[in-house]
>>> print(open('protein.txt').read())   # compact mmCIF, C-alpha atoms
# COMPACT_ATOMS: atom_id res chain seq x y z
CA MET A 1 4.55 -21.74 46.30
CA TYR A 2 3.45 -25.31 46.68
CA PRO A 3 4.57 -27.08 49.87
CA MET A 4 6.68 -30.23 49.83
CA TYR A 5 4.27 -32.94 48.76
CA ALA A 6 5.66 -36.20 50.08
CA ASN A 7 2.32 -37.70 51.10
CA ILE A 8 1.40 -39.69 47.99
CA LYS A 9 -1.26 -42.37 48.16
CA THR A 10 -0.95 -43.94 44.74
CA VAL A 11 1.22 -43.86 41.69
CA CYS A 12 0.36 -45.79 38.58
CA THR A 13 0.41 -45.59 34.82
CA MET A 14 -2.72 -45.28 32.74
CA SER A 15 -2.85 -48.37 30.62
CA THR A 16 -4.96 -50.86 28.78
CA GLY A 17 -2.75 -53.67 29.77
CA GLU A 18 -0.81 -55.06 31.78
CA ARG A 19 2.16 -55.92 33.79
CA ALA A 20 1.89 -55.40 37.53
CA LEU A 21 4.80 -54.45 39.73
CA PRO A 22 4.82 -54.92 43.52
CA LYS A 23 3.21 -52.46 45.89
CA HIS A 24 5.53 -49.87 47.37
CA ALA A 25 5.60 -48.23 50.76
CA LEU A 26 6.46 -44.57 51.13
CA ASP A 27 8.65 -43.52 53.99
CA THR A 28 8.95 -39.73 53.90
CA LEU A 29 9.13 -37.04 56.53
CA GLY A 30 8.76 -39.70 59.23
CA THR A 31 5.35 -40.87 57.99
CA ARG A 32 4.76 -44.18 56.22
CA TYR A 33 1.93 -44.58 53.73
CA GLU A 34 1.07 -47.89 52.12
CA CYS A 35 0.40 -47.66 48.38
CA ASN A 36 -3.28 -48.39 47.79
CA ALA A 37 -2.89 -49.59 44.22
CA GLN A 38 -0.49 -51.47 42.03
CA ILE A 39 1.85 -49.78 39.58
CA ILE A 40 0.72 -50.95 36.16
CA VAL A 41 2.87 -50.54 33.09
CA GLY A 42 1.62 -51.46 29.64
CA SER A 43 2.80 -50.99 26.08
CA GLN A 44 -0.19 -48.77 25.31
CA SER A 45 0.29 -46.51 28.30
CA GLU A 46 0.56 -42.75 27.73
CA HIS A 47 0.54 -41.30 31.24
CA VAL A 48 1.80 -41.78 34.76
CA VAL A 49 -0.91 -40.91 37.27
CA ILE A 50 -0.25 -39.86 40.86
CA GLU A 51 -2.99 -39.70 43.46
CA TRP A 52 -2.00 -37.22 46.15
CA ASP A 53 -2.94 -37.81 49.77
CA THR A 54 -3.51 -34.13 50.47
CA PRO A 55 -6.47 -31.77 50.91
CA VAL A 56 -4.90 -29.36 48.40
CA ALA A 57 -6.16 -29.69 44.84
CA PRO A 58 -5.50 -31.41 42.56
CA LYS A 59 -6.02 -34.78 44.22
CA THR A 60 -4.78 -36.56 41.08
CA SER A 61 -2.13 -35.54 38.57
CA LYS A 62 -1.56 -37.03 35.13
CA PHE A 63 1.82 -36.79 33.40
CA HIS A 64 2.36 -37.84 29.79
CA HIS A 65 5.30 -40.16 29.21
CA ALA A 66 6.85 -37.84 26.62
CA TRP A 67 6.48 -34.90 29.06
CA LEU A 68 8.21 -36.84 31.83
CA ARG A 69 11.10 -37.89 29.59
CA ASP A 70 11.45 -34.37 28.17
CA ASN A 71 11.68 -32.90 31.68
CA CYS A 72 14.26 -35.23 33.13
CA PRO A 73 16.48 -33.05 35.38
CA CYS A 74 19.67 -35.15 35.25
CA SER A 75 22.99 -33.73 34.05
CA ALA A 76 22.74 -35.65 30.75
CA CYS A 77 19.49 -33.79 29.98
CA ILE A 78 20.03 -30.41 31.70
CA HIS A 79 23.44 -28.76 31.62
CA PRO A 80 24.62 -28.61 35.25
CA SER A 81 25.94 -25.02 35.13
CA ASN A 82 23.79 -23.10 32.62
CA ARG A 83 20.61 -25.12 33.43
CA GLN A 84 19.63 -25.34 29.76
CA LYS A 85 18.14 -28.40 28.07
CA LEU A 86 20.55 -30.53 26.05
CA HIS A 87 17.88 -31.96 23.76
CA SER A 88 14.82 -30.66 21.95
CA SER A 89 11.25 -31.68 22.68
CA ALA A 90 11.23 -32.86 19.06
CA ASP A 91 13.86 -35.49 19.98
CA VAL A 92 11.60 -37.37 22.42
CA ASP A 93 10.49 -40.77 21.11
CA LEU A 94 6.70 -40.53 20.82
CA SER A 95 6.26 -44.30 21.21
CA LEU A 96 8.23 -44.56 24.45
CA SER A 97 6.81 -46.23 27.55
CA PRO A 98 8.52 -46.74 30.91
CA THR A 99 9.98 -50.13 31.69
CA SER A 100 9.67 -49.38 35.40
CA VAL A 101 8.01 -46.77 37.60
CA PHE A 102 8.46 -46.64 41.36
CA LEU A 103 8.66 -44.27 44.32
CA LYS A 104 11.65 -44.01 46.60
CA GLY A 105 11.18 -41.50 49.36
CA THR A 106 10.02 -38.27 47.72
CA LYS A 107 11.44 -39.22 44.33
CA LEU A 108 9.64 -40.76 41.37
CA HIS A 109 11.96 -43.10 39.44
CA ILE A 110 11.17 -43.87 35.81
CA GLU A 111 13.26 -46.20 33.71
CA TRP A 112 13.27 -45.92 29.93
CA ALA A 113 14.49 -48.31 27.26
CA PRO A 114 17.25 -47.24 24.83
CA GLY A 115 16.12 -44.74 22.20
CA SER A 116 14.03 -42.51 24.46
CA ILE A 117 15.84 -39.46 23.01
CA ASN A 118 16.47 -39.51 19.26
CA HIS A 119 19.56 -37.34 19.13
CA PRO A 120 22.99 -38.60 18.04
CA LYS A 121 24.81 -36.83 20.89
CA SER A 122 22.43 -38.03 23.61
CA PRO A 123 23.47 -41.16 25.54
CA SER A 124 19.78 -42.08 25.60
CA ASN A 125 19.88 -42.62 21.86
CA THR A 126 21.51 -46.01 22.41
CA GLN A 127 21.37 -46.59 26.18
CA ALA A 128 18.68 -47.08 28.79
CA HIS A 129 17.95 -44.02 30.92
CA THR A 130 16.58 -43.38 34.40
CA THR A 131 14.63 -40.24 35.20
CA VAL A 132 14.44 -39.22 38.88
CA ILE A 133 12.03 -36.38 39.63
CA ASP A 134 11.08 -34.92 43.00
CA THR A 135 7.36 -35.23 43.63
CA ALA A 136 7.18 -31.67 44.94
CA TRP A 137 8.47 -30.47 41.56
CA LEU A 138 5.85 -32.60 39.79
CA LYS A 139 3.08 -31.18 41.95
CA SER A 140 4.18 -27.60 41.35
CA ASN A 141 4.52 -28.13 37.58
CA ASP A 142 1.38 -30.12 36.92
CA PRO A 143 0.19 -28.97 33.46
CA ALA A 144 -3.41 -29.12 34.68
CA THR A 145 -2.81 -26.34 37.23
CA VAL A 146 -0.99 -23.83 35.03
CA THR A 147 -3.85 -21.31 35.23
CA GLN A 148 -3.88 -21.43 39.03
CA ARG A 149 -0.12 -20.87 39.10
CA ARG A 150 -0.43 -17.95 36.70
CA ASP A 151 -3.12 -16.31 38.78
CA ALA A 152 -1.31 -16.95 42.07
CA LEU A 153 1.65 -14.78 41.08
CA LEU A 154 -0.37 -11.63 40.48
CA GLN A 155 -3.08 -11.04 43.06
CA PRO A 156 -4.89 -7.85 42.02
CA THR A 157 -6.98 -6.23 44.74
CA LEU A 158 -9.59 -4.15 42.94
CA TRP A 159 -9.91 -0.65 44.38
CA ASP A 160 -11.67 2.66 44.22
CA ALA A 161 -10.22 5.94 45.48
CA LYS A 162 -11.36 5.54 49.07
CA GLN A 163 -10.21 1.94 49.32
CA PHE A 164 -6.78 2.72 47.91
CA GLU A 165 -6.28 5.68 50.25
CA THR A 166 -7.16 3.45 53.21
CA LYS A 167 -5.03 0.45 52.26
CA LYS A 168 -2.00 1.84 50.44
CA ARG A 169 1.48 1.59 51.89
CA ASP A 170 3.92 4.29 50.80
CA VAL A 171 7.64 3.47 50.79
CA THR A 172 10.49 5.85 51.53
CA TYR A 173 13.25 6.17 48.97
CA ASP A 174 15.84 5.02 51.52
CA ALA A 175 13.84 1.90 52.44
CA LEU A 176 13.22 0.98 48.81
CA MET A 177 16.80 1.41 47.68
CA ASN A 178 18.61 0.05 50.74
CA THR A 179 16.49 -2.56 52.51
CA PRO A 180 14.99 -5.91 51.51
CA GLU A 181 11.83 -5.05 53.45
CA GLY A 182 11.32 -1.82 51.53
CA LEU A 183 11.66 -3.64 48.21
CA ARG A 184 9.30 -6.38 49.38
CA VAL A 185 6.60 -3.87 50.33
CA ALA A 186 7.07 -2.10 47.00
CA VAL A 187 6.63 -5.20 44.84
CA GLU A 188 3.67 -6.35 46.93
CA GLU A 189 1.92 -3.00 46.49
CA LEU A 190 2.49 -3.13 42.74
CA ARG A 191 1.33 -6.76 42.66
CA ASP A 192 -1.85 -6.07 44.62
CA TYR A 193 -2.84 -2.52 43.63
CA GLY A 194 -0.65 -1.70 40.65
CA LEU A 195 0.17 1.68 42.23
CA LEU A 196 2.96 2.76 44.59
CA PHE A 197 4.19 6.08 45.94
CA VAL A 198 7.85 6.48 46.86
CA ARG A 199 8.52 9.43 49.17
CA GLY A 200 11.63 11.44 49.85
CA ALA A 201 13.59 10.69 46.69
CA PRO A 202 16.46 12.98 45.69
CA THR A 203 15.55 15.31 42.86
CA GLY A 204 18.50 14.85 40.55
CA ASP A 205 17.82 14.78 36.83
CA VAL A 206 18.33 11.02 36.41
CA ASP A 207 17.50 9.73 39.89
CA VAL A 208 14.37 8.14 38.43
CA GLU A 209 16.62 5.75 36.51
CA GLY A 210 18.11 4.40 39.72
CA ILE A 211 14.64 3.88 41.19
CA ALA A 212 13.53 2.06 38.05
CA GLN A 213 16.56 -0.20 38.13
CA ARG A 214 15.52 -1.44 41.56
CA PHE A 215 12.75 -3.30 39.71
CA GLY A 216 14.50 -4.25 36.48
CA VAL A 217 16.29 -3.02 33.38
CA LEU A 218 15.39 0.43 32.03
CA ARG A 219 13.20 0.21 28.94
CA ASN A 220 14.75 2.39 26.26
CA THR A 221 12.31 3.85 23.71
CA PHE A 222 12.47 6.72 21.21
CA TYR A 223 11.76 8.95 24.23
CA GLY A 224 15.08 7.82 25.76
CA GLN A 225 16.01 5.87 28.89
CA SER A 226 14.30 8.57 30.92
CA TRP A 227 12.40 11.59 29.68
CA ASP A 228 11.14 14.99 30.77
CA VAL A 229 7.49 15.82 31.41
CA ARG A 230 7.10 19.58 31.33
CA SER A 231 5.20 22.18 29.34
CA VAL A 232 7.08 23.17 26.18
CA PRO A 233 6.13 25.17 23.05
CA ASP A 234 5.02 23.17 19.99
CA ALA A 235 4.87 19.95 22.01
CA LYS A 236 4.91 16.64 20.08
CA ASN A 237 2.91 14.98 22.86
CA ILE A 238 -0.06 16.30 24.83
CA ALA A 239 1.74 15.31 28.04
CA TYR A 240 4.24 18.09 27.31
CA THR A 241 1.60 20.80 27.53
CA ALA A 242 -0.33 22.40 30.40
CA LEU A 243 -3.63 21.01 29.07
CA ASP A 244 -5.86 18.58 30.90
CA LEU A 245 -4.50 15.12 30.19
CA GLY A 246 -7.26 12.52 30.31
CA LEU A 247 -6.89 9.01 31.66
CA HIS A 248 -4.74 6.83 29.44
CA MET A 249 -1.92 4.29 29.26
CA ASP A 250 1.46 4.78 27.60
CA LEU A 251 2.83 3.31 24.38
CA MET A 252 -0.18 1.21 23.46
CA TYR A 253 1.11 1.36 19.89
CA PHE A 254 4.07 -0.88 20.84
CA GLU A 255 3.81 -4.65 20.45
CA SER A 256 4.77 -4.93 24.12
CA PRO A 257 3.91 -1.73 26.02
CA PRO A 258 5.98 -1.09 29.16
CA GLY A 259 4.83 -2.92 32.27
CA LEU A 260 5.81 -0.30 34.85
CA GLN A 261 5.88 3.46 34.43
CA LEU A 262 7.63 5.82 36.83
CA LEU A 263 6.96 9.55 37.18
CA HIS A 264 9.34 11.39 39.50
CA SER A 265 8.50 14.92 40.61
CA LEU A 266 11.51 17.23 40.54
CA LYS A 267 9.70 20.59 40.71
CA ASN A 268 6.06 21.49 41.23
CA SER A 269 5.11 25.04 42.14
CA VAL A 270 2.28 25.54 39.63
CA THR A 271 -1.41 26.07 40.31
CA GLY A 272 -3.32 22.92 39.43
CA GLY A 273 -1.81 19.85 37.80
CA ALA A 274 -3.06 17.17 40.21
CA SER A 275 -2.30 13.61 39.10
CA ILE A 276 -5.18 11.14 38.64
CA PHE A 277 -5.07 7.35 38.81
CA LEU A 278 -7.77 4.72 38.28
CA ASP A 279 -7.85 0.94 38.56
CA SER A 280 -8.95 -0.22 35.09
CA PHE A 281 -9.40 -3.78 36.40
CA ARG A 282 -12.05 -2.46 38.80
CA ALA A 283 -13.71 -0.54 35.97
CA ALA A 284 -13.65 -3.61 33.72
CA SER A 285 -15.23 -5.73 36.45
CA ILE A 286 -18.03 -3.16 36.83
CA LEU A 287 -18.65 -3.16 33.08
CA LYS A 288 -18.65 -6.97 32.98
CA ALA A 289 -21.23 -7.13 35.76
CA THR A 290 -23.50 -4.34 34.50
CA ASP A 291 -23.13 -4.58 30.73
CA PRO A 292 -21.71 -7.98 29.70
CA THR A 293 -22.55 -7.36 26.04
CA SER A 294 -20.30 -4.30 25.92
CA TYR A 295 -17.62 -6.08 27.89
CA LYS A 296 -17.61 -8.95 25.41
CA ALA A 297 -17.37 -6.55 22.47
CA LEU A 298 -14.29 -4.88 23.98
CA THR A 299 -12.59 -8.28 24.35
CA GLU A 300 -13.23 -9.11 20.69
CA ILE A 301 -12.87 -5.95 18.59
CA PRO A 302 -9.26 -4.75 18.12
CA VAL A 303 -8.50 -1.06 18.50
CA THR A 304 -5.88 0.57 16.31
CA PHE A 305 -3.21 2.47 18.25
CA HIS A 306 -0.72 4.60 16.38
CA TYR A 307 1.86 7.34 16.74
CA ILE A 308 2.75 9.37 13.66
CA ASN A 309 5.03 12.28 14.53
CA ALA A 310 8.66 13.42 14.75
CA GLY A 311 9.86 10.87 12.20
CA GLN A 312 8.10 7.95 13.91
CA HIS A 313 5.24 5.81 12.63
CA MET A 314 4.11 3.22 15.18
CA HIS A 315 1.05 1.02 14.63
CA PHE A 316 -0.48 -1.87 16.59
CA ARG A 317 -3.97 -3.38 16.98
CA ARG A 318 -5.29 -5.03 20.13
CA PRO A 319 -8.61 -5.33 22.02
CA THR A 320 -9.35 -2.90 24.84
CA ILE A 321 -9.69 -5.79 27.30
CA VAL A 322 -7.68 -9.01 27.05
CA GLU A 323 -8.94 -11.68 29.42
CA GLY A 324 -7.31 -14.97 30.35
CA ASP A 325 -4.46 -15.31 27.88
CA ASN A 326 -1.64 -17.77 28.51
CA ASN A 327 0.33 -15.39 30.70
CA GLU A 328 -1.94 -12.82 32.36
CA PRO A 329 -5.44 -13.15 33.84
CA LEU A 330 -6.38 -9.65 32.64
CA MET A 331 -4.86 -6.73 30.73
CA VAL A 332 -6.43 -3.44 29.66
CA TYR A 333 -5.26 -1.26 26.75
CA TYR A 334 -6.66 2.26 26.77
CA ALA A 335 -5.17 5.38 25.18
CA PRO A 336 -7.75 7.54 23.37
CA PRO A 337 -5.24 10.20 22.21
CA PHE A 338 -3.37 7.53 20.28
CA GLN A 339 -6.28 5.67 18.72
CA GLY A 340 -6.20 5.52 14.95
CA PRO A 341 -9.14 4.78 12.63
CA LEU A 342 -10.91 1.60 13.73
CA GLU A 343 -9.91 -1.19 11.36
CA HIS A 344 -12.93 -3.39 11.97
CA GLU A 345 -16.29 -3.70 10.23
CA ASP A 346 -18.34 -3.81 13.45
CA ALA A 347 -17.89 -0.12 14.25
CA GLY A 348 -21.36 0.38 15.70
CA ARG A 349 -20.87 -2.41 18.21
CA PHE A 350 -17.46 -1.03 19.20
CA TYR A 351 -18.52 2.59 19.73
CA LYS A 352 -21.47 1.57 21.86
CA ALA A 353 -19.30 -0.69 24.02
CA PHE A 354 -16.42 1.79 24.28
CA GLN A 355 -18.71 4.57 25.41
CA ALA A 356 -20.21 2.27 28.03
CA PHE A 357 -16.70 1.61 29.36
CA VAL A 358 -15.80 5.32 29.40
CA LYS A 359 -18.99 6.01 31.35
CA VAL A 360 -17.67 3.70 34.07
CA LEU A 361 -14.26 5.37 33.95
CA LYS A 362 -15.87 8.73 34.65
CA GLU A 363 -17.38 7.62 37.95
CA PRO A 364 -15.78 10.04 40.47
CA GLU A 365 -15.42 7.46 43.23
CA LEU A 366 -13.02 5.43 41.09
CA MET A 367 -10.53 8.28 40.56
CA TYR A 368 -7.67 8.65 43.00
CA LYS A 369 -6.37 12.22 42.87
CA THR A 370 -3.15 13.51 44.43
CA LEU A 371 -0.59 16.26 43.96
CA LEU A 372 2.96 15.04 43.40
CA ARG A 373 5.42 17.04 45.52
CA PRO A 374 9.13 17.34 44.74
CA GLY A 375 10.76 14.08 45.85
CA ASP A 376 7.65 11.98 45.20
CA CYS A 377 7.93 9.19 42.65
CA VAL A 378 4.81 7.32 41.57
CA ILE A 379 5.18 3.85 40.05
CA PHE A 380 2.24 2.08 38.41
CA ALA A 381 1.35 -0.93 36.30
CA ASN A 382 0.96 0.60 32.86
CA ARG A 383 -1.48 -2.04 31.59
CA ARG A 384 -3.70 -1.82 34.64
CA VAL A 385 -3.66 1.65 36.20
CA LEU A 386 -4.85 4.53 34.06
CA HIS A 387 -3.15 7.85 34.72
CA GLY A 388 -3.87 11.45 33.84
CA ARG A 389 -3.35 15.02 34.98
CA GLU A 390 -5.53 18.04 35.54
CA GLU A 391 -4.82 21.25 33.66
CA PHE A 392 -2.36 23.64 35.29
CA ASP A 393 -1.27 27.25 34.92
CA ALA A 394 2.18 27.09 33.35
CA ALA A 395 2.78 30.77 34.13
CA SER A 396 2.24 30.27 37.86
CA GLY A 397 5.43 28.34 38.52
CA ASP A 398 7.50 25.38 37.38
CA ARG A 399 6.37 21.77 36.98
CA HIS A 400 9.00 19.21 35.99
CA LEU A 401 8.68 15.42 36.15
CA LYS A 402 11.04 12.73 34.90
CA GLY A 403 9.67 9.49 33.55
CA ALA A 404 11.03 5.99 32.96
CA TYR A 405 9.76 2.54 32.01
CA VAL A 406 10.47 -1.04 33.08
CA ASP A 407 9.19 -4.09 31.24
CA TRP A 408 6.55 -6.28 32.86
CA ASP A 409 8.80 -9.35 32.49
CA ASP A 410 11.42 -7.67 34.65
CA PHE A 411 8.88 -6.77 37.31
CA LYS A 412 7.50 -10.32 37.46
CA ASP A 413 11.06 -11.62 37.70
CA LYS A 414 11.69 -9.33 40.67
CA LEU A 415 8.33 -10.27 42.21
CA ARG A 416 9.11 -13.99 42.07
CA VAL A 417 12.59 -13.53 43.52
CA VAL A 418 11.49 -11.25 46.37
CA THR A 419 8.27 -12.97 47.42
CA ARG A 420 9.57 -16.53 47.05
CA GLY A 421 12.95 -15.93 48.66
CA LEU A 422 14.93 -17.12 45.64
>>> encode(input="protein.txt", output="structure tokens")
Amino acid sequence: MYPMYANIKTVCTMSTGERALPKHALDTLGTRYECNAQIIVGSQSEHVVIEWDTPVAPKTSKFHHAWLRDNCPCSACIHPSNRQKLHSSADVDLSLSPTSVFLKGTKLHIEWAPGSINHPKSPSNTQAHTTVIDTAWLKSNDPATVTQRRDALLQPTLWDAKQFETKKRDVTYDALMNTPEGLRVAVEELRDYGLLFVRGAPTGDVDVEGIAQRFGVLRNTFYGQSWDVRSVPDAKNIAYTALDLGLHMDLMYFESPPGLQLLHSLKNSVTGGASIFLDSFRAASILKATDPTSYKALTEIPVTFHYINAGQHMHFRRPTIVEGDNNEPLMVYYAPPFQGPLEHEDAGRFYKAFQAFVKVLKEPELMYKTLLRPGDCVIFANRRVLHGREEFDAASGDRHLKGAYVDWDDFKDKLRVVTRGL
């Protein structure tokens, strides 16, 4: 969160010419700052520029006139109860320029001539309009700092097995479900490490659904709202066998794979079957540092993921590593059992790069191994933390887990609410 920025040195409009308004003094939070420059408004202006008197970057922010008019927060522009815009960005007059710009306390006041919004139901279509925006809101929504804001929400701490064992914070079921502090610790662990263990959960058949709903809405797929993980004859998925299940992520063949996966242990009396987890962000960082050519190839060549079984035919293509898109600093997509034929001409480059990545994934020090006991529920970021399972002896006892998914959007919603006190 950005603090309240009331300490502004200068506000002006970028212009080629050229009507000067008087200097303004700022009297906010008990401190008075004299404006060090004139406010200049000209017919060719396109931006309002604010110079911030603060050590926190950015020192200067630039706001386009159309952007400022489009984001007016008044009740004529934003519905007071549903908080939805009452005009479209396409309605903003592209030739508009403020008739006046001044600061009053922590508020920036901008006056517009009639016609600033070209919509028949908008009063601004025929009347002058005044936009009043809090400078703290402007600072925290500066378009130039969108990447910093994106990266500030998710703060991944890269880990290997030893580091995770040392730093992890388990949460009891009671604390998670019944206390704000338990929920806060849980979302922070998932934010930082992408991996959380909940201890002491009841072992009812659908208790995993209640745990999942603490973080968001259950993601319903063709597996159901929750699903069983146990060894069965003629299994349609390798997870439903006693075989070794290599590191992977779930549902990579969906356009939007689940963000969180939960696995809740109901019974576990078999020999073997330890669960394995690995931070793919750490592995990707190692590959980027040691073999940047392979890393680059995995960000460019799309892998085909598919599921063709039991009356389903899912198909989606995406790179193994997606870096710096508009919403996430990093995402990894890795599910060898569900890879289809590569649909790309540069196969040689892909196979060389993919094998280099797998070599990193096989480094023993990266793998965190644990045995899930009845009442344990593991929650992990499905597009960060790889998971797998060692082979077990199905005849030696009973092993029964229940799984569930929550979308990443729901988790980020919960993260913002909990960590920002909304």
>>> closest_residue(input="protein.txt", among="A:Arg399, A:Lys362, A:Lys62, A:Arg416", to="Leu247 of chain A", atoms="only C-alpha atoms")
A:Lys362
>>> atom_distance(input="protein.txt", atom1="atom CA of Thr99 of chain A", atom2="atom CA of His65 of chain A")
11.3 Å
>>> atom_distance(input="protein.txt", atom1="atom CA of Val358 of chain A", atom2="atom CA of Ala161 of chain A")
17.0 Å
>>> closest_residue(input="protein.txt", among="A:Lys412, A:Tyr368, A:Leu401, A:Gly259", to="Arg383 of chain A", atoms="only C-alpha atoms")
A:Gly259
>>> residues_around(input="protein.txt", residues="Lys402 of chain A", least_positions_apart="6", cutoff="7 Å", atoms="all atoms listed in the file", output="number ranges by chain")
A: 208, 226-229, 263-265
>>> residues_around(input="protein.txt", residues="Glu345 of chain A", least_positions_apart="3", cutoff="12 Å", atoms="all atoms listed in the file", output="ChimeraX atom specification")
/A:301-303,341-342,348-351
>>> residues_around(input="protein.txt", residues="Arg317 of chain A", least_positions_apart="6", cutoff="12 Å", atoms="all atoms listed in the file", output="ChimeraX atom specification")
/A:252-256,300-306,333-334,338-344
>>> atom_distance(input="protein.txt", atom1="atom CA of Pro114 of chain A", atom2="atom CA of Thr135 of chain A")
24.4 Å
>>> residues_near_point(input="protein.txt", point="(12.1, -3.2, 46.2)", cutoff="9 Å", atoms="all atoms listed in the file", output="VMD selection string")
chain A and resid 175 to 187 214 to 215 414 to 415 418
>>> closest_residue(input="protein.txt", among="A:Ala284, A:Ala136, A:Val49, A:Val101", to="Leu298 of chain A", atoms="only C-alpha atoms")
A:Ala284
>>> closest_atom_pairs(input="protein.txt", of="segment 77-142 of chain A", to="segment 67-72 of chain A", cutoff="12 Å", atoms="all atoms listed in the file", output="Markdown table")
| residue | atom | partner | partner_atom | distance |
| --- | --- | --- | --- | --- |
| A:Cys77 | CA | A:Cys72 | CA | 6.3 |
| A:Ile78 | CA | A:Cys72 | CA | 7.7 |
| A:His79 | CA | A:Cys72 | CA | 11.3 |
| A:Arg83 | CA | A:Cys72 | CA | 11.9 |
| A:Gln84 | CA | A:Asn71 | CA | 11.1 |
| A:Lys85 | CA | A:Asn71 | CA | 8.7 |
| A:Leu86 | CA | A:Asp70 | CA | 10.1 |
| A:His87 | CA | A:Asp70 | CA | 8.2 |
| A:Ser88 | CA | A:Asp70 | CA | 8.0 |
| A:Ser89 | CA | A:Asp70 | CA | 6.1 |
| A:Ala90 | CA | A:Asp70 | CA | 9.2 |
| A:Asp91 | CA | A:Asp70 | CA | 8.6 |
| A:Val92 | CA | A:Asp70 | CA | 6.5 |
| A:Asp93 | CA | A:Arg69 | CA | 9.0 |
| A:Leu94 | CA | A:Trp67 | CA | 10.0 |
| A:Ser95 | CA | A:Arg69 | CA | 11.6 |
| A:Leu96 | CA | A:Arg69 | CA | 8.9 |
| A:Ser97 | CA | A:Arg69 | CA | 9.6 |
| A:Pro98 | CA | A:Arg69 | CA | 9.3 |
| A:Val101 | CA | A:Leu68 | CA | 11.5 |
| A:Leu108 | CA | A:Leu68 | CA | 10.4 |
| A:His109 | CA | A:Cys72 | CA | 10.3 |
| A:Ile110 | CA | A:Leu68 | CA | 8.6 |
| A:Glu111 | CA | A:Arg69 | CA | 9.5 |
| A:Trp112 | CA | A:Arg69 | CA | 8.3 |
| A:Ala113 | CA | A:Arg69 | CA | 11.2 |
| A:Gly115 | CA | A:Arg69 | CA | 11.3 |
| A:Ser116 | CA | A:Arg69 | CA | 7.5 |
| A:Ile117 | CA | A:Arg69 | CA | 8.3 |
| A:Asn118 | CA | A:Asp70 | CA | 11.4 |
| A:Ser124 | CA | A:Arg69 | CA | 10.4 |
| A:Ala128 | CA | A:Arg69 | CA | 11.9 |
| A:His129 | CA | A:Arg69 | CA | 9.3 |
| A:Thr130 | CA | A:Cys72 | CA | 8.6 |
| A:Thr131 | CA | A:Cys72 | CA | 5.4 |
| A:Val132 | CA | A:Cys72 | CA | 7.0 |
| A:Ile133 | CA | A:Cys72 | CA | 7.0 |
| A:Asp134 | CA | A:Cys72 | CA | 10.4 |
| A:Thr135 | CA | A:Leu68 | CA | 11.9 |
| A:Trp137 | CA | A:Asn71 | CA | 10.7 |
| A:Leu138 | CA | A:Leu68 | CA | 9.3 |
| A:Asn141 | CA | A:Asn71 | CA | 10.4 |
| A:Asp142 | CA | A:Trp67 | CA | 10.5 |
>>> residues_near_point(input="protein.txt", point="(-1.1, 16.5, 34.1)", cutoff="10 Å", atoms="all atoms listed in the file", output="list in words")
Val229, Arg230, Ser231, Ile238, Ala239, Tyr240, Thr241, Ala242, Leu243, Asp244, Leu245, Gly246, Leu247, Gly272, Gly273, Ala274, Ser275, Ile276, Leu371, His387, Gly388, Arg389, Glu390, Glu391, Phe392 and Arg399 of chain A
>>> closest_residue(input="protein.txt", among="A:Lys121, A:His64, A:Arg373, A:His400", to="Glu46 of chain A", atoms="only C-alpha atoms")
A:His64
>>> closest_residue(input="protein.txt", among="A:Ser81, A:Thr147, A:Gln312, A:Ser140", to="Asp325 of chain A", atoms="only C-alpha atoms")
A:Thr147
>>> residues_around(input="protein.txt", residues="Asp160 of chain A", least_positions_apart="5", cutoff="8 Å", atoms="all atoms listed in the file", output="list in words")
Leu278, Asp279, Arg282, Glu365, Leu366, Met367 and Tyr368 of chain A
>>> residues_around(input="protein.txt", residues="segment 407-410 of chain A", least_positions_apart="4", cutoff="8 Å", atoms="all atoms listed in the file", output="list in words")
Phe215, Gly216, Val217, Leu218, Arg219, Pro257, Pro258, Gly259, Leu260 and Lys414 of chain A
>>> build_atoms(input="protein.txt", residues="segment 361-366 of chain A", atoms="N, CA, C and O atoms", output="mmCIF file, keeping the file's coordinate frame")
data_model
loop_
_atom_site.group_PDB
_atom_site.id
_atom_site.type_symbol
_atom_site.label_atom_id
_atom_site.label_comp_id
_atom_site.auth_asym_id
_atom_site.auth_seq_id
_atom_site.Cartn_x
_atom_site.Cartn_y
_atom_site.Cartn_z
ATOM 1 N N LEU A 361 -15.515 4.702 33.600
ATOM 2 C CA LEU A 361 -14.260 5.370 33.950
ATOM 3 C C LEU A 361 -14.480 6.780 34.499
ATOM 4 O O LEU A 361 -13.617 7.308 35.212
ATOM 5 N N LYS A 362 -15.596 7.378 34.184
ATOM 6 C CA LYS A 362 -15.870 8.730 34.650
ATOM 7 C C LYS A 362 -16.538 8.780 36.025
ATOM 8 O O LYS A 362 -16.817 9.871 36.539
ATOM 9 N N GLU A 363 -16.777 7.630 36.623
ATOM 10 C CA GLU A 363 -17.380 7.620 37.950
ATOM 11 C C GLU A 363 -16.380 8.219 38.954
ATOM 12 O O GLU A 363 -15.272 7.695 39.120
ATOM 13 N N PRO A 364 -16.735 9.326 39.613
ATOM 14 C CA PRO A 364 -15.780 10.040 40.470
ATOM 15 C C PRO A 364 -15.167 9.189 41.574
ATOM 16 O O PRO A 364 -13.993 9.382 41.934
ATOM 17 N N GLU A 365 -15.935 8.246 42.109
ATOM 18 C CA GLU A 365 -15.420 7.460 43.230
ATOM 19 C C GLU A 365 -14.287 6.520 42.829
ATOM 20 O O GLU A 365 -13.561 6.012 43.692
ATOM 21 N N LEU A 366 -14.101 6.300 41.538
ATOM 22 C CA LEU A 366 -13.020 5.430 41.090
ATOM 23 C C LEU A 366 -11.694 6.172 40.949
ATOM 24 O O LEU A 366 -10.629 5.554 40.926
#
